[in-house]
Amino acid sequence: MRKKALLLFSALFLVSMLTACAEKEKLSDGTELIDKDEFVFAASGEFKPFSYVKDDMTMTGFDVAVGEAIAKELGLTPVQKRIKFKGIVEGVKTGRADAAVASHTINDQRAKHVSFSTPYYYSGPQIFTRPDSDIKTTEDLKGKEVAVAKGSTYAATAEKYTKNIKMYDSDITALKALSTGRHDAVITDFVTGKSAAKGGFDIVGQQLIERSEQAVVIPQDNPVLLKRVNEALEKLRQDGTLKKISIDYFGEDITTKPE
């Protein structure tokens, strides 16, 4: 009896904690935020050059700069929230962050759980190998060992071509493993792979598999925030801020939809 009571108490405590985490402040226009003066946005800190951790343990990178620019446009203080990539969508859904600016590809599976802003950059999965590899296209991946990041859309992409898939916590660790002789290939964002190669990884890009759109992730029950973020992104497009941030980090503009 005592054991049942303890289990019941524990369950009620957990429910109350989850409910408390999900509580937000509602602004006069209907926007819901964890704190009325802040824009708490999630990123992984594992996806250089999009988000990575500095010596002082704060995050920097393209996504982080975009998140901070959105906050400024909203008239709010930007607050970083570091969450492992595989848990970010659930974190936003359950109220751990107001939004995620973390290179999430728009897809139907994620759209069942969260809302997406308009795209803030355009990318696509690419095959990366060591320079001496015979792998050039997706046809060459059959039966090969391909590494990808957990929680990314690239796992689903890889599954179209091989059953031999290895998961890593981040794209960078997967690419590092490839560079040092492990696995046959990595499928990741072409900008990430290109940046890793420039940074000294012994890898080369092969076939660009497809194009994708990356967007800010927002809870489905916060439509006013979605509208405001979309308006902020449009302003940042029009005044050249998104383009400038992209050029600062990549030397090229990835925020304009490719022809």
# chains A, B, ... in the order shown; residues from 1 in each chain; ligands from 1

$ residues_around --residues "stretch 36-52 of chain A" --least-positions-apart "4" --cutoff "6 Å" --atoms "only C-alpha atoms" --output "compact mmCIF listing (two decimals) with C-alpha atoms, in the first residue's frame"
# COMPACT_ATOMS: atom_id res chain seq x y z
CA GLU A 25 3.19 34.46 -20.01
CA MET A 59 26.78 29.40 -28.25
CA THR A 60 27.65 31.16 -31.46
CA GLY A 61 27.15 30.41 -35.15
CA PHE A 62 24.81 31.22 -38.01
CA ASP A 63 21.64 29.88 -36.34
CA ALA A 71 14.73 38.55 -30.91
CA LEU A 76 12.89 41.00 -26.88
CA THR A 77 16.09 39.93 -25.14
CA PRO A 78 17.62 36.85 -26.83
CA VAL A 79 18.19 33.92 -24.48
CA GLN A 80 20.03 30.81 -25.71
CA LYS A 81 18.83 27.36 -24.68
CA ARG A 82 21.17 24.52 -25.48
CA ILE A 83 19.39 21.20 -26.19
CA LYS A 84 20.76 18.14 -27.99
CA PHE A 85 19.46 18.16 -31.54
CA ALA A 97 11.96 27.03 -25.26
CA ASP A 98 9.80 29.56 -27.09
CA ALA A 99 11.23 28.44 -30.42
CA ALA A 100 14.16 26.66 -32.02
CA VAL A 101 16.54 28.27 -34.48
CA ALA A 102 18.49 25.11 -35.12
CA SER A 170 26.24 15.53 -34.24

$ residues_around --residues "stretch 197-201 of chain A" --least-positions-apart "4" --cutoff "7 Å" --atoms "only C-alpha atoms" --output "list of chain:residue names"
A:Lys176, A:Ser179, A:Gly193

$ select_by_dssp --residues "stretch 142-241 of chain A" --states "helix (DSSP H, G or I)" --output "PyMOL selection string"
chain A and resi 154-159+171-179+190-198+223-238+241

$ residues_around --residues "stretch 116-124 of chain A" --least-positions-apart "5" --cutoff "8 Å" --atoms "only C-alpha atoms" --output "number ranges by chain"
A: 106, 111, 188-191, 208-218, 226, 229-230, 233, 242, 254-258

$ write_last_selection --atoms "C-alpha atoms" --output "PDB file, in the first residue's frame"
ATOM      1  CA  ILE A 106      10.656  21.394 -42.957  1.00  0.00           C
ATOM      2  CA  ALA A 111       4.863  19.258 -38.844  1.00  0.00           C
ATOM      3  CA  THR A 188      24.902  15.859 -44.021  1.00  0.00           C
ATOM      4  CA  ASP A 189      24.115  19.435 -44.926  1.00  0.00           C
ATOM      5  CA  PHE A 190      26.367  20.551 -47.789  1.00  0.00           C
ATOM      6  CA  VAL A 191      27.412  23.735 -45.987  1.00  0.00           C
ATOM      7  CA  LEU A 208      24.275  16.843 -53.751  1.00  0.00           C
ATOM      8  CA  ILE A 209      21.206  14.671 -53.231  1.00  0.00           C
ATOM      9  CA  GLU A 210      18.395  17.223 -53.002  1.00  0.00           C
ATOM     10  CA  ARG A 211      17.447  20.708 -51.827  1.00  0.00           C
ATOM     11  CA  SER A 212      15.704  21.453 -48.518  1.00  0.00           C
ATOM     12  CA  GLU A 213      14.242  24.389 -46.612  1.00  0.00           C
ATOM     13  CA  GLN A 214      15.266  25.178 -43.023  1.00  0.00           C
ATOM     14  CA  ALA A 215      12.914  27.039 -40.701  1.00  0.00           C
ATOM     15  CA  VAL A 216      12.325  28.217 -37.145  1.00  0.00           C
ATOM     16  CA  VAL A 217      10.379  25.696 -35.033  1.00  0.00           C
ATOM     17  CA  ILE A 218       7.490  27.076 -32.957  1.00  0.00           C
ATOM     18  CA  LEU A 226       4.570  32.232 -35.487  1.00  0.00           C
ATOM     19  CA  VAL A 229       8.522  35.483 -36.263  1.00  0.00           C
ATOM     20  CA  ASN A 230       7.513  35.331 -39.934  1.00  0.00           C
ATOM     21  CA  LEU A 233      12.183  37.147 -40.868  1.00  0.00           C
ATOM     22  CA  LEU A 242      19.962  37.519 -43.187  1.00  0.00           C
ATOM     23  CA  ILE A 254      22.338  30.653 -48.438  1.00  0.00           C
ATOM     24  CA  THR A 255      19.231  32.606 -47.404  1.00  0.00           C
ATOM     25  CA  THR A 256      17.897  33.119 -50.929  1.00  0.00           C
ATOM     26  CA  LYS A 257      15.875  30.339 -52.539  1.00  0.00           C
ATOM     27  CA  PRO A 258      17.976  28.731 -55.269  1.00  0.00           C
TER      28      PRO A 258
END

$ closest_residue --among "A:Ala232, A:Val114, A:Val224, A:Ile135" --to "A:Glu32" --atoms "only C-alpha atoms"
A:Val224

$ select_by_dssp --residues "stretch 6-249 of chain A" --states "strand (DSSP E or B)" --output "ChimeraX atom specification"
/A:25-26,32-33,38-43,46-47,51-53,59-60,77-82,99-105,114-123,125-129,146-149,165-168,185-189,204-208,212-219

$ write_last_selection --atoms "C-alpha atoms" --output "PDB file, in the first residue's frame"
ATOM      1  CA  GLU A  25       3.186  34.464 -20.015  1.00  0.00           C
ATOM      2  CA  LYS A  26       0.559  35.742 -22.439  1.00  0.00           C
ATOM      3  CA  GLU A  32       2.916  33.362 -25.382  1.00  0.00           C
ATOM      4  CA  LEU A  33       6.468  33.444 -24.009  1.00  0.00           C
ATOM      5  CA  GLU A  38      12.690  37.367 -23.566  1.00  0.00           C
ATOM      6  CA  PHE A  39      12.887  35.218 -26.677  1.00  0.00           C
ATOM      7  CA  VAL A  40      14.191  31.851 -25.460  1.00  0.00           C
ATOM      8  CA  PHE A  41      15.437  29.964 -28.509  1.00  0.00           C
ATOM      9  CA  ALA A  42      16.953  26.497 -28.673  1.00  0.00           C
ATOM     10  CA  ALA A  43      19.975  25.311 -30.644  1.00  0.00           C
ATOM     11  CA  GLU A  46      26.801  20.695 -31.964  1.00  0.00           C
ATOM     12  CA  PHE A  47      26.432  21.829 -35.560  1.00  0.00           C
ATOM     13  CA  SER A  51      25.707  26.547 -33.727  1.00  0.00           C
ATOM     14  CA  TYR A  52      28.703  25.710 -31.565  1.00  0.00           C
ATOM     15  CA  VAL A  53      30.002  26.381 -28.080  1.00  0.00           C
ATOM     16  CA  MET A  59      26.783  29.404 -28.253  1.00  0.00           C
ATOM     17  CA  THR A  60      27.653  31.161 -31.463  1.00  0.00           C
ATOM     18  CA  THR A  77      16.094  39.929 -25.141  1.00  0.00           C
ATOM     19  CA  PRO A  78      17.617  36.848 -26.828  1.00  0.00           C
ATOM     20  CA  VAL A  79      18.194  33.916 -24.482  1.00  0.00           C
ATOM     21  CA  GLN A  80      20.033  30.814 -25.710  1.00  0.00           C
ATOM     22  CA  LYS A  81      18.825  27.364 -24.681  1.00  0.00           C
ATOM     23  CA  ARG A  82      21.174  24.517 -25.482  1.00  0.00           C
ATOM     24  CA  ALA A  99      11.226  28.443 -30.418  1.00  0.00           C
ATOM     25  CA  ALA A 100      14.157  26.663 -32.023  1.00  0.00           C
ATOM     26  CA  VAL A 101      16.542  28.274 -34.479  1.00  0.00           C
ATOM     27  CA  ALA A 102      18.487  25.105 -35.122  1.00  0.00           C
ATOM     28  CA  SER A 103      18.568  24.206 -38.828  1.00  0.00           C
ATOM     29  CA  HIS A 104      15.405  22.104 -38.829  1.00  0.00           C
ATOM     30  CA  THR A 105      14.354  20.933 -42.266  1.00  0.00           C
ATOM     31  CA  VAL A 114       5.296  21.759 -34.275  1.00  0.00           C
ATOM     32  CA  SER A 115       4.801  24.697 -36.613  1.00  0.00           C
ATOM     33  CA  PHE A 116       7.411  26.027 -39.038  1.00  0.00           C
ATOM     34  CA  SER A 117       8.224  29.586 -39.974  1.00  0.00           C
ATOM     35  CA  THR A 118       8.991  30.598 -43.515  1.00  0.00           C
ATOM     36  CA  PRO A 119      12.461  29.271 -44.488  1.00  0.00           C
ATOM     37  CA  TYR A 120      15.408  31.328 -43.295  1.00  0.00           C
ATOM     38  CA  TYR A 121      17.934  29.397 -45.364  1.00  0.00           C
ATOM     39  CA  TYR A 122      18.114  26.774 -48.085  1.00  0.00           C
ATOM     40  CA  SER A 123      20.382  23.788 -47.995  1.00  0.00           C
ATOM     41  CA  PRO A 125      21.969  16.774 -48.024  1.00  0.00           C
ATOM     42  CA  GLN A 126      25.227  15.863 -49.708  1.00  0.00           C
ATOM     43  CA  ILE A 127      27.385  12.742 -49.704  1.00  0.00           C
ATOM     44  CA  PHE A 128      30.828  13.204 -48.162  1.00  0.00           C
ATOM     45  CA  THR A 129      33.640  10.653 -48.400  1.00  0.00           C
ATOM     46  CA  VAL A 146      26.904   5.637 -43.870  1.00  0.00           C
ATOM     47  CA  ALA A 147      27.095   7.844 -40.760  1.00  0.00           C
ATOM     48  CA  VAL A 148      24.514  10.511 -39.908  1.00  0.00           C
ATOM     49  CA  ALA A 149      23.457  12.676 -36.966  1.00  0.00           C
ATOM     50  CA  ILE A 165      23.646   3.314 -40.939  1.00  0.00           C
ATOM     51  CA  LYS A 166      25.638   4.556 -37.961  1.00  0.00           C
ATOM     52  CA  MET A 167      24.297   7.317 -35.698  1.00  0.00           C
ATOM     53  CA  TYR A 168      26.282  10.132 -34.065  1.00  0.00           C
ATOM     54  CA  ALA A 185      30.432   8.035 -46.175  1.00  0.00           C
ATOM     55  CA  VAL A 186      28.501  10.689 -44.287  1.00  0.00           C
ATOM     56  CA  ILE A 187      25.308  12.371 -45.434  1.00  0.00           C
ATOM     57  CA  THR A 188      24.902  15.859 -44.021  1.00  0.00           C
ATOM     58  CA  ASP A 189      24.115  19.435 -44.926  1.00  0.00           C
ATOM     59  CA  VAL A 204      35.431  15.678 -50.090  1.00  0.00           C
ATOM     60  CA  GLY A 205      31.895  16.386 -51.258  1.00  0.00           C
ATOM     61  CA  GLN A 206      30.246  14.098 -53.764  1.00  0.00           C
ATOM     62  CA  GLN A 207      26.649  14.158 -55.059  1.00  0.00           C
ATOM     63  CA  LEU A 208      24.275  16.843 -53.751  1.00  0.00           C
ATOM     64  CA  SER A 212      15.704  21.453 -48.518  1.00  0.00           C
ATOM     65  CA  GLU A 213      14.242  24.389 -46.612  1.00  0.00           C
ATOM     66  CA  GLN A 214      15.266  25.178 -43.023  1.00  0.00           C
ATOM     67  CA  ALA A 215      12.914  27.039 -40.701  1.00  0.00           C
ATOM     68  CA  VAL A 216      12.325  28.217 -37.145  1.00  0.00           C
ATOM     69  CA  VAL A 217      10.379  25.696 -35.033  1.00  0.00           C
ATOM     70  CA  ILE A 218       7.490  27.076 -32.957  1.00  0.00           C
ATOM     71  CA  PRO A 219       4.807  25.361 -30.819  1.00  0.00           C
TER      72      PRO A 219
END

$ closest_residue --among "A:Gly30, A:Pro131, A:Gly67, A:Pro223" --to "A:Leu236" --atoms "only C-alpha atoms"
A:Gly67

$ closest_residue --among "A:Gly251, A:Asp202, A:Ile34, A:Gln109" --to "A:Arg182" --atoms "only C-alpha atoms"
A:Asp202

$ residues_around --residues "A:Lys160" --least-positions-apart "6" --cutoff "10 Å" --atoms "only C-alpha atoms" --output "ChimeraX atom specification"
/A:138,141-142

$ write_last_selection --atoms "N, CA and C atoms" --output "PDB file, in the first residue's frame"
ATOM      1  N   THR A 138      24.491   8.420 -55.153  1.00  0.00           N
ATOM      2  CA  THR A 138      23.648   7.607 -54.278  1.00  0.00           C
ATOM      3  C   THR A 138      23.635   6.137 -54.709  1.00  0.00           C
ATOM      4  N   LEU A 141      26.032   3.910 -52.840  1.00  0.00           N
ATOM      5  CA  LEU A 141      25.883   3.748 -51.391  1.00  0.00           C
ATOM      6  C   LEU A 141      25.285   2.395 -50.988  1.00  0.00           C
ATOM      7  N   LYS A 142      24.798   1.627 -51.932  1.00  0.00           N
ATOM      8  CA  LYS A 142      24.157   0.359 -51.613  1.00  0.00           C
ATOM      9  C   LYS A 142      25.104  -0.549 -50.828  1.00  0.00           C
TER      10      LYS A 142
END

$ atom_distance --atom1 "atom CA of A:His113" --atom2 "atom CA of A:Leu225"
16.0 Å

$ closest_residue --among "A:Asp35, A:Asp134, A:Asp55, A:Ala69" --to "A:Asp239" --atoms "only C-alpha atoms"
A:Ala69

$ atom_distance --atom1 "atom CA of A:Thr180" --atom2 "atom CA of A:Ser133"
13.3 Å

$ atom_distance --atom1 "atom CA of A:Asp171" --atom2 "atom CA of A:Ile247"
21.5 Å

$ closest_residue --among "A:Lys244, A:Asp108, A:Tyr154, A:Ala196" --to "A:Ala177" --atoms "only C-alpha atoms"
A:Ala196

$ closest_residue --among "A:Met57, A:Ile245, A:Ala155, A:Ala65" --to "A:Lys86" --atoms "only C-alpha atoms"
A:Ala155
